[in-house]
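A quick write-up on the structure given underneath.
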Amino acid sequence: MAHYADPDVLVSTDWVAEHLTDPTVRIVESNEDRALYTQGHVPGAVEIDWQVDLQDQTIRDYVDRAGFEKICRDNGISNDTTVVFYGDKNNWWACYAFWVFKLYGHPNCKIMNGGRKKWQLEGREWSSERVSYPPASYTAPEQDKSVRALRDDVLKHQKAGKPLVDVRSPEEYCGERLHMPDYPNEGALRGGHIPGAVNIPWPLSVNDDGTFKPARELEKLYCKANHLKRRSPTIAYCRIGERSSLTWFVLKYLLGFGNVKNYDGSWMEWGNCVGVPVVKGSLPEGGDPPAAPHAEA
Amino acid sequence: MDTVSDRIDRIVDEFADLDGREKLELLLDFAGRLPPLSADYQARKQQEDRRVHECQTAVFLWPEVSDSGMSLVAEVAEEAPTVKGFVALLAEAVAGRPQAEANELADDLLDRIGLAEVLGMLRSRGLRAIVGRVRRELLAAA
């Protein structure tokens, strides 16, 4: 595979620089650290925060349809706007925001390949000006269930022996730790992975400059080394659903998997569920001796 | 008076009435005032385990007490300006004050300055943990 399955879904920093004032395009930043946007953003970009804007603050879920419509309207995004996402941390949160936009069926979403990191490395302009656009009109459909797996979907999927991808670090997968190295433990009671899940840590999909690896390398990693198949329904998960949004993006758009879902509840739900199956150790089905050292995730 | 509590009250006043964006801008002002590590602390960074492992980015903290009172020396990665600003704010609140006043660094600081709702639940949890850690280590400092 020499090319990405859907190359139009990625835009370069050059493309973004050429479309900063294009009225049909809205550039959206989504970060781990919100103050980064305040400090400096791509000129004209709005911020849509994954935690404060896209998640409901009372129930553990995303904003509802009306809430999503309001976010779009307030940011001058209409149904036909091309929305380009970028952010810090190799575009994790950008992919997460992209995924939520797909959950609500927004047709034209793109990722700026390389995110903040590449924009910075290239010495491009940052702006700290406040950005606002005239309100747009927006109507969202109900959630598109084809991109999202809920706990019961995952349980059924797992019981049927269908493919799962755990994108966390090998230490989290094995159950040696409950959270990413250097990240807070957000409170999972059990460590390990969902039986049958293969471990493909998300960083293996990106280059040092934050861009995605070429199609050939991704194909080798996911399809050859780990035997995932484009035609098999596949579910990706991590700890809170952000790293797996990036893997979901890679599988669906860069490799052309026909049916791939993000389990956004991820380990923060599974590791706390009563009675669900969990496997410890470095093999998908468990039963192996204590894990051998793995590559750093 | 200029106790830690008084300073925190003044900081809370500074943040009051600002919108979310302005609160982050003010936090960036604090971040800009955090001095770079001196050569002495650069050397200690290599030798001592001062990294905050609960924290999302590279954060190194030295909450210390000397004859001239409390101090909080810190280094925070540029990619985490929110954490950097918050740590700088704590450093300004405790600088030069007597050790016992470390107790005045209360857990609700983040809520009082109104940052909890700007940052969301997950991020706020990390910053609250930093307040607790700084307070504990200042009180325990010999």
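Every chain in the structure tokens has a letter given in the order shown (A, B, ...), and although residue numbers restart at 1 in each chain, ligands are simply numbered from 1 in the order shown.
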Next item on the list: Give the residues of chain A that lie within 12 Å of chain B; count only C-alpha atoms, and format the answer as a ChimeraX atom specification.
Entry: /A:31-40,47,49-58,60,87-89,116-117,120,128-131,179-187,240
Next item on the list: List every residue of segment 66-148 of chain A that DSSP, applied to the backbone of this structure, places in helix (DSSP H, G or I), and write the result as a PyMOL selection string.
Entry: chain A and resi 66-74+89-103+115-121+145-147
Checklist line | Residues within 12 Å of Lys102 of chain A, only C-alpha atoms, excluding chain neighbours under 2 positions, as number ranges by chain | finding: A: 68, 79, 83, 95-100, 104-110, 140-148, 245, 248-249, 252, 261-262
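Counting only C-alpha atoms, the residue from B:Ala77, B:Met1, B:Leu34, B:Ala140 that sits nearest to Leu89 of chain B is B:Leu34.
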Notebook entry, point to check: Could you state the separation of atom CA of Asn207 of chain A and atom CA of Glu176 of chain A in Å, given to one decimal place?
Noted result: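 Between these atoms lies a distance of 26.7 Å.
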Distance query Gly114 of chain B at most 10 Å, only C-alpha atoms, self and fewer than 6 positions along chain excluded, as an mmCIF file with N, CA and C atoms, in the first residue's frame:
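Output (around.cif):
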```cif
data_model
loop_
_atom_site.group_PDB
_atom_site.id
_atom_site.type_symbol
_atom_site.label_atom_id
_atom_site.label_comp_id
_atom_site.auth_asym_id
_atom_site.auth_seq_id
_atom_site.Cartn_x
_atom_site.Cartn_y
_atom_site.Cartn_z
ATOM 1 N N VAL B 12 -6.775 35.545 44.399
ATOM 2 C CA VAL B 12 -8.177 35.212 44.097
ATOM 3 C C VAL B 12 -8.896 36.454 43.573
ATOM 4 N N PHE B 15 -8.087 37.140 39.964
ATOM 5 C CA PHE B 15 -8.758 36.242 39.015
ATOM 6 C C PHE B 15 -10.264 36.487 38.947
ATOM 7 N N ALA B 16 -10.801 37.082 40.028
ATOM 8 C CA ALA B 16 -12.261 37.259 40.078
ATOM 9 C C ALA B 16 -12.694 38.136 38.904
ATOM 10 N N ASP B 17 -13.865 37.905 38.412
ATOM 11 C CA ASP B 17 -14.467 38.715 37.342
ATOM 12 C C ASP B 17 -13.790 38.585 35.982
ATOM 13 N N LEU B 18 -12.788 37.731 35.865
ATOM 14 C CA LEU B 18 -12.192 37.510 34.540
ATOM 15 C C LEU B 18 -12.945 36.381 33.851
ATOM 16 N N ASP B 19 -13.054 36.472 32.529
ATOM 17 C CA ASP B 19 -13.649 35.327 31.831
ATOM 18 C C ASP B 19 -12.580 34.241 31.658
ATOM 19 N N GLY B 20 -12.980 33.111 31.136
ATOM 20 C CA GLY B 20 -12.073 31.964 31.061
ATOM 21 C C GLY B 20 -10.782 32.286 30.328
ATOM 22 N N LYS B 23 -8.603 34.507 32.423
ATOM 23 C CA LYS B 23 -7.964 33.746 33.512
ATOM 24 C C LYS B 23 -6.712 33.035 32.994
ATOM 25 N N ASP B 108 -8.802 23.991 48.008
ATOM 26 C CA ASP B 108 -9.820 24.602 47.148
ATOM 27 C C ASP B 108 -9.294 25.799 46.344
#
```
Notebook entry, point to check: Counting only C-alpha atoms, which of B:Asp111, B:Glu101, B:Asp6, B:Glu48 gets nearest to Gly69 of chain B?
Noted result: B:Glu101
Next item on the list: Counting only C-alpha atoms, figure out which residue out of B:Asp49, B:Val134, B:Lys84, B:Arg10 gets nearest to Ile113 of chain B.
Entry: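 When distances to Ile113 of chain B are compared using only C-alpha atoms, the smallest one comes from B:Arg10.
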Margin query: Show me, as a list in words, the residues that have an atom within 10 Å of Lys70 of chain A when counting only C-alpha atoms, minus same-chain residues fewer than 3 positions from it.
Written below: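 Here the qualifying residues turn out to be Val63, Asp64, Arg65, Ala66, Gly67, Arg73, Asp74, Asn75, Gly76, Ile77, Pro135, Ala136, Ser137, Tyr138, Thr139 and Ala140 of chain A.
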What does the file look like for those residues with C-alpha atoms, as a short mmCIF file (atom, residue, chain, number, x, y, z; two decimals), in the first residue's frame?
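part_7.cif was written with the following content:
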```
data_model
loop_
_atom_site.label_atom_id
_atom_site.label_comp_id
_atom_site.auth_asym_id
_atom_site.auth_seq_id
_atom_site.Cartn_x
_atom_site.Cartn_y
_atom_site.Cartn_z
CA VAL A 63 -22.67 16.94 24.71
CA ASP A 64 -26.02 16.10 23.20
CA ARG A 65 -27.08 17.00 19.69
CA ALA A 66 -28.32 20.46 20.70
CA GLY A 67 -25.08 21.10 22.58
CA ARG A 73 -22.93 27.77 15.57
CA ASP A 74 -20.87 29.72 18.13
CA ASN A 75 -17.67 28.99 16.23
CA GLY A 76 -19.08 29.96 12.87
CA ILE A 77 -19.16 26.38 11.61
CA PRO A 135 -22.76 32.66 14.33
CA ALA A 136 -23.51 30.06 11.67
CA SER A 137 -26.53 27.89 11.24
CA TYR A 138 -26.04 24.22 12.03
CA THR A 139 -28.24 21.15 12.22
CA ALA A 140 -26.75 17.91 13.47
#
```
Item checked: Exercise: Ser127 of chain A partners within 7 Å, only C-alpha atoms, chain neighbours under 5 positions left out, as a PyMOL selection string -> chain A and resi 40-43
